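Student: One file is attached below, model_32.cif, containing mmCIF, C-alpha atoms.
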```cif
data_protein
loop_
_atom_site.label_atom_id
_atom_site.label_comp_id
_atom_site.auth_asym_id
_atom_site.auth_seq_id
_atom_site.Cartn_x
_atom_site.Cartn_y
_atom_site.Cartn_z
CA MET F 1 20.25 -14.80 -21.98
CA ASP F 2 21.24 -15.07 -18.33
CA THR F 3 18.21 -16.53 -16.58
CA LYS F 4 19.34 -16.02 -13.00
CA ARG F 5 21.40 -13.18 -11.67
CA VAL F 6 21.30 -10.26 -9.29
CA GLY F 7 22.01 -7.10 -11.19
CA PHE F 8 25.39 -6.85 -12.91
CA GLY F 9 27.28 -8.37 -10.02
CA ALA F 10 26.08 -10.30 -7.00
CA ASP F 11 28.16 -8.06 -4.71
CA ALA F 12 26.68 -4.83 -6.07
CA LEU F 13 24.03 -4.10 -3.44
CA THR F 14 22.80 -0.92 -5.10
CA GLY F 15 21.54 -1.38 -8.64
CA LEU F 16 20.78 2.22 -9.62
CA GLU F 17 21.56 5.56 -8.01
CA LEU F 18 20.40 8.96 -9.15
CA ARG F 19 22.45 11.53 -7.25
CA GLY F 20 21.12 15.07 -7.18
CA VAL F 21 19.91 15.00 -10.79
CA SER F 22 18.45 18.22 -12.18
CA LYS F 23 17.02 19.00 -15.60
CA SER F 24 15.43 22.15 -17.00
CA TYR F 25 13.96 23.15 -20.34
CA GLY F 26 14.48 26.87 -20.56
CA GLU F 27 12.94 28.40 -17.45
CA THR F 28 10.99 25.23 -16.63
CA GLU F 29 12.66 22.97 -14.06
CA VAL F 30 11.55 19.38 -14.69
CA LEU F 31 13.81 17.63 -12.14
CA SER F 32 15.23 19.34 -9.07
CA ARG F 33 18.12 17.69 -7.17
CA PHE F 34 16.40 14.34 -7.67
CA SER F 35 18.02 11.47 -5.76
CA LEU F 36 16.94 7.83 -5.68
CA SER F 37 18.58 4.53 -4.74
CA VAL F 38 17.27 1.23 -6.13
CA PRO F 39 18.68 -2.00 -4.62
CA SER F 40 20.08 -4.49 -7.09
CA GLY F 41 17.59 -7.04 -8.39
CA THR F 42 14.49 -5.10 -7.32
CA LEU F 43 11.68 -3.48 -9.28
CA CYS F 44 11.21 0.20 -8.52
CA SER F 45 8.19 2.08 -9.81
CA LEU F 46 8.45 5.81 -10.48
CA LEU F 47 4.90 6.94 -9.76
CA GLY F 48 3.42 10.37 -10.26
CA PRO F 49 0.98 12.48 -12.27
CA SER F 50 1.63 13.51 -15.86
CA GLY F 51 4.36 16.12 -16.13
CA CYS F 52 5.95 15.37 -12.74
CA GLY F 53 9.34 14.45 -14.23
CA LYS F 54 9.30 10.67 -13.96
CA THR F 55 9.80 9.99 -17.70
CA THR F 56 12.54 12.63 -17.81
CA ALA F 57 14.33 10.75 -15.02
CA LEU F 58 14.03 7.49 -16.97
CA ARG F 59 15.34 9.07 -20.17
CA ILE F 60 18.34 10.42 -18.27
CA VAL F 61 19.08 6.90 -17.01
CA VAL F 62 18.80 5.52 -20.54
CA GLY F 63 21.04 8.27 -21.92
CA LEU F 64 18.47 9.87 -24.18
CA LEU F 65 18.78 13.11 -22.15
CA GLU F 66 21.74 14.71 -20.40
CA PRO F 67 21.23 16.01 -16.85
CA ASP F 68 22.11 19.63 -16.13
CA GLU F 69 23.70 18.42 -12.92
CA GLY F 70 23.94 15.23 -10.88
CA ARG F 71 25.21 11.73 -11.58
CA VAL F 72 23.75 8.39 -12.69
CA VAL F 73 25.43 5.33 -11.17
CA LEU F 74 24.59 1.78 -12.29
CA HIS F 75 25.85 -1.11 -10.15
CA GLY F 76 28.64 1.06 -8.80
CA ARG F 77 29.72 2.45 -12.19
CA ASP F 78 29.17 6.09 -13.13
CA ILE F 79 27.42 6.04 -16.52
CA THR F 80 26.41 9.72 -16.65
CA ASP F 81 28.72 10.55 -19.54
CA LEU F 82 28.38 7.27 -21.44
CA PRO F 83 26.48 7.26 -24.75
CA SER F 84 23.17 5.41 -24.59
CA LYS F 85 24.42 2.55 -26.78
CA GLU F 86 27.25 1.82 -24.33
CA ARG F 87 25.06 1.52 -21.23
CA ASN F 88 23.71 -1.98 -22.02
CA LEU F 89 20.17 -1.23 -20.88
CA GLY F 90 16.94 -2.89 -21.97
CA MET F 91 14.15 -0.44 -22.78
CA VAL F 92 10.42 -1.05 -23.31
CA PHE F 93 8.41 1.86 -24.67
CA GLN F 94 4.73 2.70 -24.26
CA ASN F 95 4.06 2.24 -28.00
CA TYR F 96 6.11 -1.01 -28.22
CA ALA F 97 8.37 0.41 -31.02
CA LEU F 98 8.42 -2.89 -32.94
CA PHE F 99 9.59 -3.10 -36.54
CA PRO F 100 6.44 -3.80 -38.62
CA HIS F 101 8.41 -5.28 -41.56
CA LEU F 102 10.09 -7.90 -39.35
CA ASP F 103 8.48 -10.98 -37.85
CA VAL F 104 8.54 -11.77 -34.12
CA PHE F 105 11.85 -13.67 -34.31
CA GLU F 106 13.68 -10.91 -36.15
CA ASN F 107 12.29 -8.20 -33.89
CA ILE F 108 13.68 -10.00 -30.85
CA ALA F 109 16.93 -10.88 -32.62
CA TYR F 110 17.60 -7.29 -33.71
CA GLY F 111 19.85 -6.37 -30.79
CA LEU F 112 21.78 -9.63 -30.99
CA ARG F 113 22.46 -9.18 -34.69
CA ARG F 114 23.66 -5.62 -34.06
CA ARG F 115 26.12 -7.13 -31.60
CA ARG F 116 27.19 -9.68 -34.25
CA PHE F 117 26.18 -12.78 -32.33
CA PRO F 118 26.67 -16.02 -34.32
CA GLU F 119 23.48 -17.39 -35.88
CA ARG F 120 23.32 -20.43 -33.64
CA ARG F 121 23.55 -18.27 -30.53
CA VAL F 122 20.89 -15.91 -31.91
CA ARG F 123 18.47 -18.84 -32.34
CA GLU F 124 19.20 -20.08 -28.82
CA GLU F 125 18.77 -16.72 -27.13
CA VAL F 126 15.61 -15.77 -29.04
CA GLY F 127 14.11 -19.16 -28.19
CA LYS F 128 14.80 -18.62 -24.49
CA ALA F 129 13.33 -15.11 -24.62
CA LEU F 130 10.16 -16.34 -26.33
CA GLU F 131 9.64 -18.99 -23.66
CA LEU F 132 10.31 -16.47 -20.91
CA VAL F 133 7.50 -14.18 -22.13
CA ARG F 134 5.22 -17.14 -22.96
CA LEU F 135 5.27 -16.72 -26.72
CA GLY F 136 6.78 -20.04 -27.68
CA GLY F 137 5.77 -20.94 -31.24
CA TYR F 138 5.13 -17.30 -32.26
CA ASP F 139 8.58 -16.76 -33.74
CA ARG F 140 7.48 -16.44 -37.37
CA ARG F 141 4.28 -14.52 -36.77
CA ALA F 142 3.97 -11.08 -38.33
CA VAL F 143 3.76 -8.23 -35.81
CA ALA F 144 0.44 -7.12 -37.33
CA GLU F 145 -1.08 -10.51 -36.44
CA LEU F 146 -0.45 -10.03 -32.72
CA SER F 147 -2.69 -8.53 -30.07
CA GLY F 148 -1.54 -5.51 -28.08
CA GLY F 149 -0.56 -7.73 -25.16
CA GLN F 150 1.43 -10.05 -27.42
CA GLN F 151 3.22 -7.12 -29.04
CA GLN F 152 4.22 -5.85 -25.62
CA ARG F 153 5.59 -9.28 -24.75
CA VAL F 154 7.69 -9.18 -27.92
CA ALA F 155 8.99 -5.75 -26.91
CA LEU F 156 9.85 -7.12 -23.47
CA ALA F 157 11.62 -10.14 -24.96
CA ARG F 158 13.63 -7.86 -27.28
CA ALA F 159 14.72 -5.76 -24.30
CA LEU F 160 15.77 -8.79 -22.25
CA VAL F 161 17.45 -10.94 -24.91
CA ILE F 162 20.57 -8.74 -24.95
CA ASN F 163 21.15 -9.59 -21.27
CA PRO F 164 20.98 -5.95 -20.10
CA GLU F 165 22.36 -4.65 -16.84
CA MET F 166 18.99 -3.07 -16.13
CA LEU F 167 15.44 -3.08 -17.52
CA LEU F 168 13.53 0.18 -18.00
CA LEU F 169 9.84 0.44 -18.84
CA ASP F 170 8.01 3.66 -19.75
CA GLU F 171 4.25 3.31 -19.17
CA PRO F 172 4.41 -0.13 -20.83
CA LEU F 173 0.85 -1.21 -20.02
CA SER F 174 -1.11 1.99 -20.55
CA ASN F 175 -2.37 1.01 -24.03
CA LEU F 176 -3.87 -2.28 -22.85
CA ASP F 177 -7.28 -3.08 -21.39
CA ALA F 178 -7.66 -3.78 -17.67
CA ARG F 179 -7.55 -7.60 -17.89
CA LEU F 180 -4.44 -7.62 -20.10
CA ARG F 181 -2.73 -5.10 -17.83
CA ALA F 182 -3.28 -7.39 -14.84
CA ASP F 183 -1.97 -10.44 -16.71
CA LEU F 184 1.15 -8.63 -17.93
CA ARG F 185 1.80 -7.19 -14.47
CA ASP F 186 1.90 -10.74 -13.13
CA ASP F 187 4.22 -11.86 -15.91
CA LEU F 188 6.52 -8.89 -15.43
CA ARG F 189 6.79 -9.62 -11.72
CA ARG F 190 7.57 -13.27 -12.47
CA ILE F 191 10.27 -12.34 -15.00
CA VAL F 192 11.96 -9.84 -12.68
CA ASP F 193 12.02 -12.44 -9.91
CA GLU F 194 13.32 -15.13 -12.25
CA LEU F 195 16.10 -13.02 -13.75
CA GLY F 196 16.90 -10.96 -10.68
CA ILE F 197 17.25 -7.90 -12.89
CA THR F 198 17.16 -4.35 -11.53
CA THR F 199 14.10 -2.69 -13.05
CA LEU F 200 12.74 0.85 -13.28
CA PHE F 201 9.04 1.02 -14.14
CA VAL F 202 7.42 4.41 -14.91
CA THR F 203 3.66 4.72 -14.43
CA HIS F 204 0.94 7.16 -13.36
CA ASP F 205 -1.31 4.29 -12.22
CA GLN F 206 -1.08 3.76 -8.45
CA GLU F 207 -2.69 0.29 -8.56
CA GLU F 208 -0.16 -0.77 -11.17
CA ALA F 209 2.73 0.54 -9.10
CA MET F 210 1.51 -0.97 -5.84
CA SER F 211 0.85 -4.41 -7.33
CA VAL F 212 4.12 -4.92 -9.19
CA ALA F 213 6.86 -2.97 -7.39
CA ASP F 214 9.21 -3.78 -4.54
CA ILE F 215 9.79 -0.03 -4.11
CA VAL F 216 7.44 2.79 -5.06
CA ALA F 217 9.01 6.23 -5.55
CA VAL F 218 6.37 8.97 -5.63
CA VAL F 219 7.41 11.97 -7.73
CA ARG F 220 5.85 15.42 -7.55
CA ASP F 221 6.93 18.54 -9.45
CA GLY F 222 10.37 17.10 -10.21
CA ARG F 223 11.11 16.08 -6.63
CA LEU F 224 11.03 12.77 -4.81
CA GLU F 225 8.14 12.97 -2.37
CA GLN F 226 8.66 9.56 -0.71
CA ALA F 227 10.12 6.15 -1.57
CA GLY F 228 9.58 2.81 0.13
CA ALA F 229 7.71 -0.47 0.06
CA PRO F 230 4.13 -0.15 -1.25
CA ARG F 231 2.53 -1.08 2.09
CA GLU F 232 4.79 1.36 3.94
CA LEU F 233 3.78 4.26 1.70
CA TYR F 234 0.11 3.37 1.85
CA ASP F 235 -0.05 2.96 5.63
CA PHE F 236 2.50 5.62 6.59
CA PRO F 237 2.54 8.35 3.92
CA ALA F 238 5.04 11.14 4.56
CA THR F 239 2.90 13.90 3.04
CA PRO F 240 -0.76 14.57 2.20
CA PHE F 241 0.14 14.28 -1.49
CA VAL F 242 1.44 10.72 -1.05
CA ALA F 243 -1.58 9.77 1.06
CA ASP F 244 -3.94 11.02 -1.63
CA PHE F 245 -2.05 9.73 -4.65
CA LEU F 246 -1.82 6.18 -3.29
CA GLY F 247 -5.51 5.44 -3.12
CA ARG F 248 -8.48 7.27 -1.66
CA VAL F 249 -8.11 9.12 1.61
CA ASN F 250 -10.07 11.51 3.80
CA LEU F 251 -8.00 14.59 4.67
CA ILE F 252 -9.48 16.21 7.76
CA PRO F 253 -8.33 19.41 9.52
CA ALA F 254 -7.84 18.78 13.23
CA THR F 255 -6.33 20.24 16.41
CA LEU F 256 -3.90 18.49 18.75
CA SER F 257 -3.93 19.09 22.48
CA VAL F 258 -2.07 17.47 25.36
CA ASP F 259 -4.19 14.34 25.45
CA ALA F 260 -6.63 14.59 22.53
CA VAL F 261 -7.09 15.25 18.85
CA SER F 262 -10.21 17.20 17.92
CA LEU F 263 -11.79 16.83 14.50
CA LEU F 264 -15.26 17.17 13.02
CA GLY F 265 -16.57 18.54 16.30
CA ARG F 266 -15.47 15.55 18.40
CA SER F 267 -12.45 14.77 20.56
CA PHE F 268 -10.56 11.48 20.44
CA PRO F 269 -7.59 10.10 22.39
CA ARG F 270 -4.38 11.62 21.07
CA PRO F 271 -2.60 9.17 18.71
CA LYS F 272 1.14 8.62 19.00
CA THR F 273 2.84 11.54 17.31
CA THR F 274 5.80 13.88 17.66
CA PHE F 275 3.79 16.91 16.50
CA SER F 276 3.35 19.82 18.90
CA ASP F 277 -0.06 20.95 20.04
CA GLY F 278 -1.98 22.99 17.49
CA PRO F 279 -3.48 22.63 14.00
CA VAL F 280 -2.70 19.43 12.08
CA LEU F 281 -4.12 17.56 9.11
CA CYS F 282 -5.39 14.00 9.59
CA ALA F 283 -5.51 11.31 6.90
CA LEU F 284 -7.97 8.48 7.33
CA ARG F 285 -8.39 5.72 4.74
CA PRO F 286 -12.00 4.92 3.70
CA GLU F 287 -11.60 1.23 4.58
CA LYS F 288 -10.64 2.19 8.16
CA ILE F 289 -14.14 3.58 8.76
CA ALA F 290 -17.14 1.36 9.42
CA LEU F 291 -20.82 2.23 9.24
CA ALA F 292 -22.80 1.60 12.41
CA PRO F 293 -26.29 2.29 13.76
CA PRO F 294 -26.68 5.95 14.85
CA GLU F 295 -26.17 5.15 18.55
CA GLU F 296 -22.97 3.06 18.22
CA GLY F 297 -20.27 5.05 16.42
CA ASN F 298 -17.89 7.99 16.84
CA LEU F 299 -19.55 10.44 14.44
CA LEU F 300 -23.05 11.01 13.13
CA GLY F 301 -23.66 11.56 9.44
CA VAL F 302 -26.11 11.26 6.58
CA VAL F 303 -25.57 9.02 3.55
CA ARG F 304 -25.33 11.17 0.47
CA LYS F 305 -24.53 8.41 -2.01
CA SER F 306 -23.67 4.71 -2.16
CA THR F 307 -21.95 3.05 -5.10
CA PHE F 308 -21.46 -0.67 -5.72
CA ILE F 309 -17.94 -1.28 -7.06
CA GLY F 310 -17.58 -5.04 -7.29
CA PRO F 311 -15.88 -6.19 -4.07
CA VAL F 312 -16.65 -2.97 -2.15
CA ILE F 313 -19.45 -0.50 -1.61
CA ARG F 314 -18.37 3.15 -1.44
CA PHE F 315 -20.42 5.50 0.70
CA ILE F 316 -20.25 9.30 0.65
CA ILE F 317 -21.23 10.56 4.10
CA ASP F 318 -22.16 14.14 4.96
CA VAL F 319 -20.83 14.86 8.48
CA GLY F 320 -21.55 18.58 8.48
CA ALA F 321 -18.03 19.55 7.42
CA GLU F 322 -16.81 21.29 4.28
CA ARG F 323 -16.03 17.94 2.71
CA PRO F 324 -17.94 14.66 3.05
CA LEU F 325 -16.20 11.52 4.24
CA VAL F 326 -15.64 8.52 1.98
CA VAL F 327 -16.27 5.10 3.51
CA GLU F 328 -15.56 1.77 1.82
CA GLU F 329 -16.82 -1.56 3.10
CA SER F 330 -16.71 -5.09 1.74
CA ALA F 331 -19.75 -5.73 -0.43
CA ALA F 332 -20.13 -9.14 1.22
CA SER F 333 -20.56 -7.68 4.70
CA ALA F 334 -21.45 -4.01 4.20
CA ARG F 335 -24.33 -2.58 6.18
CA THR F 336 -27.30 -1.57 4.04
CA ALA F 337 -27.56 2.22 3.95
CA SER F 338 -29.56 4.30 1.50
CA PRO F 339 -29.15 7.95 0.52
CA GLY F 340 -30.72 10.19 3.15
CA GLU F 341 -30.32 7.62 5.94
CA ARG F 342 -28.70 8.70 9.22
CA VAL F 343 -25.73 6.57 10.22
CA SER F 344 -22.86 6.60 12.67
CA LEU F 345 -19.22 6.17 11.72
CA ARG F 346 -16.77 4.12 13.74
CA PHE F 347 -12.96 4.25 13.51
CA SER F 348 -9.88 3.95 15.70
CA PRO F 349 -7.81 7.07 16.43
CA GLU F 350 -4.74 4.88 15.86
CA ASP F 351 -5.67 4.73 12.18
CA LEU F 352 -5.29 8.50 11.82
CA ARG F 353 -2.10 9.65 10.08
CA LEU F 354 -1.10 13.15 11.09
CA PHE F 355 0.67 15.84 9.07
CA GLY F 356 1.85 19.28 10.06
CA ASN F 357 -0.21 22.45 9.69
CA THR F 358 -1.16 21.86 6.05
CA SER F 359 -4.43 22.61 4.32
CA PRO F 360 -6.29 19.83 2.46
CA GLU F 361 -5.57 21.72 -0.75
CA ALA F 362 -1.95 20.54 -0.47
CA ALA F 363 -3.11 17.29 -2.02
CA PRO F 364 -5.27 16.98 -5.14
CA MET F 365 -8.58 15.48 -4.09
CA LYS F 366 -10.14 12.93 -6.41
CA LYS F 367 -13.67 13.46 -7.63
CA GLU F 368 -15.94 11.10 -5.72
CA ALA F 369 -17.67 8.40 -7.73
#
```
Starting from the file, give its structure as structure tokens.
Tutor:
Amino acid sequence: MDTKRVGFGADALTGLELRGVSKSYGETEVLSRFSLSVPSGTLCSLLGPSGCGKTTALRIVVGLLEPDEGRVVLHGRDITDLPSKERNLGMVFQNYALFPHLDVFENIAYGLRRRRFPERRVREEVGKALELVRLGGYDRRAVAELSGGQQQRVALARALVINPEMLLLDEPLSNLDARLRADLRDDLRRIVDELGITTLFVTHDQEEAMSVADIVAVVRDGRLEQAGAPRELYDFPATPFVADFLGRVNLIPATLSVDAVSLLGRSFPRPKTTFSDGPVLCALRPEKIALAPPEEGNLLGVVRKSTFIGPVIRFIIDVGAERPLVVEESAASARTASPGERVSLRFSPEDLRLFGNTSPEAAPMKKEA
């Protein structure tokens, strides 16, 4: 197993390209002119709600589905018409797909034996793979003796031992508890960095995507909504859907004028924007709002609910609008505020992200805890 490389060739700057890929089942269009570019050696997360088309895109890359139109290019080579077995890709499934009658060693060695590797080489490569996923000494364990996290590590080792051109993972952590998911995320990030392998990671979990990926590609209704670095998408979402899907957000109808933005009955200095005067939609992250005494902030409100969530306290504040505002403050420094208490809210207009004349219904609002 090659333990340090950048994609399939160090000069191949683009690892994976999906060019105008479309796929329909009968009258239902699952992917529509879907295009995505993943730099070589990076981990890209396809993120979106169930049914958005992200797993269909992955299966087209693997070769399990044929696109109706469009091309799939891997490290500069068009693989659209290649059979799956000729694409040399490593795949990790949600349900692990291990062989229950084989021990850990033979599960990992399966692909090497299919390729007729000599026995000595098989032992060497499986040993390296076991060390890479931190399962040294587990080679003769039965699959049934392993925890869910250990089984997923075996599946990852099996995918990597064949030295694939690319690694693909379909919701690989969704069957694990929160602590195991966090541990395996860290290990996956370490392995991708160590091998320099181009990776496509499908998930519906925004925290998972943000914590592990170099690039997050948000998918909605078969189309790419936005792709970029996690911090870029979080701080500068292109659409209300992206703003809402990547964490909590307050979506507030507002009006732009020459020198001001008016929202919730108050006017604030106009933030930098290319939008024309008129109706807009503002996005404001809960952590960008601070509670203050009634006389000190921008807006007055009444605490409807406060919830302790470990490192943060989440407040639901009634400001006399159709929707309450969500405020999150560090539990270590949060101001004490009880339901029914009048408070003031303080934020900077520069933290507002503006969208065109779009209603809040354009993004699915999460139920407040």
Student: Would you list the contacts of Asp205 (chain F) as an MDAnalysis selection string, taking every protein, DNA or RNA residue within 9 Å and counting only C-alpha atoms, but skipping same-chain residues closer than 2 positions in sequence?
Tutor: chainID F and resid 47:49 171 174 203 207:210
Student: So which residues touch Leu188 (chain F) within 8 Å, counting only C-alpha atoms, skipping near sequence neighbours fewer than 4 positions away, as an MDAnalysis selection string?
Tutor: chainID F and resid 184 192 212
Student: How many Å lie between CA of His101 (chain F) and CA of Leu156 (chain F), rounded to one decimal?
Tutor: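 About the pair CA of His101 (chain F) and CA of Leu156 (chain F): they are 18.2 Å apart.
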Student: Do you have, as a Markdown table, the list of residues of region 187-256 of chain F lying at most 10 Å from region 311-329 of chain F, each with its nearest atom pair and that distance in Å to one decimal, counting only C-alpha atoms and ordered by chain then number?
Tutor:
```
| residue | atom | partner | partner_atom | distance |
| --- | --- | --- | --- | --- |
| F:Arg248 | CA | F:Val326 | CA | 8.1 |
| F:Val249 | CA | F:Val326 | CA | 7.6 |
| F:Asn250 | CA | F:Leu325 | CA | 6.1 |
| F:Leu251 | CA | F:Leu325 | CA | 8.8 |
| F:Ile252 | CA | F:Arg323 | CA | 8.4 |
| F:Pro253 | CA | F:Ala321 | CA | 9.9 |
```
Student: Between F:Leu31, F:Leu169, F:Cys44, F:Leu130, single out the one closest to Gly70 (chain F), counting all atoms listed in the file.
Tutor: F:Leu31
Student: Can you list, as a ChimeraX atom specification, the residues that the PyMOL selection byres ((chain F and resi 168) around 7) selects here?
Tutor: /F:90-92,166-167,169-170,199-201
Student: Report as an NGL selection string the residues that result from applying the PyMOL selection byres ((chain F and resi 86) around 12) to the structure here.
Tutor: :F and (62-64 or 79-85 or 87-90 or 115 or 164-165)
Student: Only N, CA, C and O atoms needed: put region 30-49 of chain F from the block into a file as a CSV table (one decimal), in the first residue's frame.
Tutor:
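Wrote result.csv, looks like this:
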```csv
chain,number,residue,atom,x,y,z
F,30,VAL,N,-33.1,13.0,-10.6
F,30,VAL,CA,-32.3,12.9,-9.3
F,30,VAL,C,-31.1,13.8,-9.3
F,30,VAL,O,-30.7,14.4,-8.3
F,31,LEU,N,-30.4,13.8,-10.5
F,31,LEU,CA,-29.3,14.8,-10.6
F,31,LEU,C,-29.6,15.6,-11.9
F,31,LEU,O,-30.0,15.0,-12.9
F,32,SER,N,-29.3,16.9,-11.8
F,32,SER,CA,-29.6,17.8,-13.0
F,32,SER,C,-28.3,18.6,-13.3
F,32,SER,O,-28.0,19.5,-12.6
F,33,ARG,N,-27.6,18.2,-14.4
F,33,ARG,CA,-26.5,18.9,-14.9
F,33,ARG,C,-25.5,19.2,-13.7
F,33,ARG,O,-25.0,20.3,-13.5
F,34,PHE,N,-25.2,18.2,-12.9
F,34,PHE,CA,-24.4,18.3,-11.7
F,34,PHE,C,-22.9,18.4,-12.1
F,34,PHE,O,-22.4,17.4,-12.7
F,35,SER,N,-22.2,19.4,-11.7
F,35,SER,CA,-20.8,19.6,-11.9
F,35,SER,C,-20.1,19.8,-10.6
F,35,SER,O,-20.5,20.6,-9.8
F,36,LEU,N,-18.9,19.2,-10.5
F,36,LEU,CA,-18.1,19.3,-9.2
F,36,LEU,C,-16.7,19.0,-9.6
F,36,LEU,O,-16.4,18.1,-10.3
F,37,SER,N,-15.8,19.8,-9.0
F,37,SER,CA,-14.3,19.6,-9.2
F,37,SER,C,-13.7,19.4,-7.8
F,37,SER,O,-13.9,20.3,-6.9
F,38,VAL,N,-13.0,18.3,-7.6
F,38,VAL,CA,-12.3,18.0,-6.4
F,38,VAL,C,-10.8,18.0,-6.6
F,38,VAL,O,-10.3,17.1,-7.3
F,39,PRO,N,-10.0,18.9,-6.0
F,39,PRO,CA,-8.6,18.9,-6.2
F,39,PRO,C,-8.0,17.5,-5.7
F,39,PRO,O,-8.5,16.9,-4.7
F,40,SER,N,-6.9,17.2,-6.3
F,40,SER,CA,-6.2,15.9,-6.0
F,40,SER,C,-5.7,15.9,-4.6
F,40,SER,O,-5.2,17.0,-4.1
F,41,GLY,N,-5.9,14.8,-3.9
F,41,GLY,CA,-5.4,14.7,-2.5
F,41,GLY,C,-6.3,15.4,-1.4
F,41,GLY,O,-5.9,15.4,-0.3
F,42,THR,N,-7.4,15.9,-1.8
F,42,THR,CA,-8.3,16.5,-0.8
F,42,THR,C,-9.5,15.6,-0.5
F,42,THR,O,-9.9,14.7,-1.2
F,43,LEU,N,-10.1,15.9,0.6
F,43,LEU,CA,-11.4,15.2,1.0
F,43,LEU,C,-12.5,16.2,0.8
F,43,LEU,O,-12.6,17.3,1.4
F,44,CYS,N,-13.4,15.8,-0.1
F,44,CYS,CA,-14.6,16.5,-0.4
F,44,CYS,C,-15.9,15.8,0.2
F,44,CYS,O,-16.0,14.6,0.0
F,45,SER,N,-16.7,16.6,1.0
F,45,SER,CA,-17.9,16.0,1.5
F,45,SER,C,-19.1,16.4,0.7
F,45,SER,O,-19.3,17.6,0.5
F,46,LEU,N,-19.9,15.5,0.2
F,46,LEU,CA,-21.1,15.8,-0.5
F,46,LEU,C,-22.2,15.8,0.7
F,46,LEU,O,-22.5,14.8,1.3
F,47,LEU,N,-22.7,17.0,0.9
F,47,LEU,CA,-23.6,17.2,2.1
F,47,LEU,C,-25.0,17.6,1.6
F,47,LEU,O,-25.1,18.5,0.7
F,48,GLY,N,-26.0,17.0,2.1
F,48,GLY,CA,-27.4,17.4,1.7
F,48,GLY,C,-28.4,16.5,2.4
F,48,GLY,O,-28.0,15.4,3.0
F,49,PRO,N,-29.6,16.9,2.4
F,49,PRO,CA,-30.7,16.1,3.0
F,49,PRO,C,-30.9,14.8,2.3
F,49,PRO,O,-30.5,14.6,1.2
```
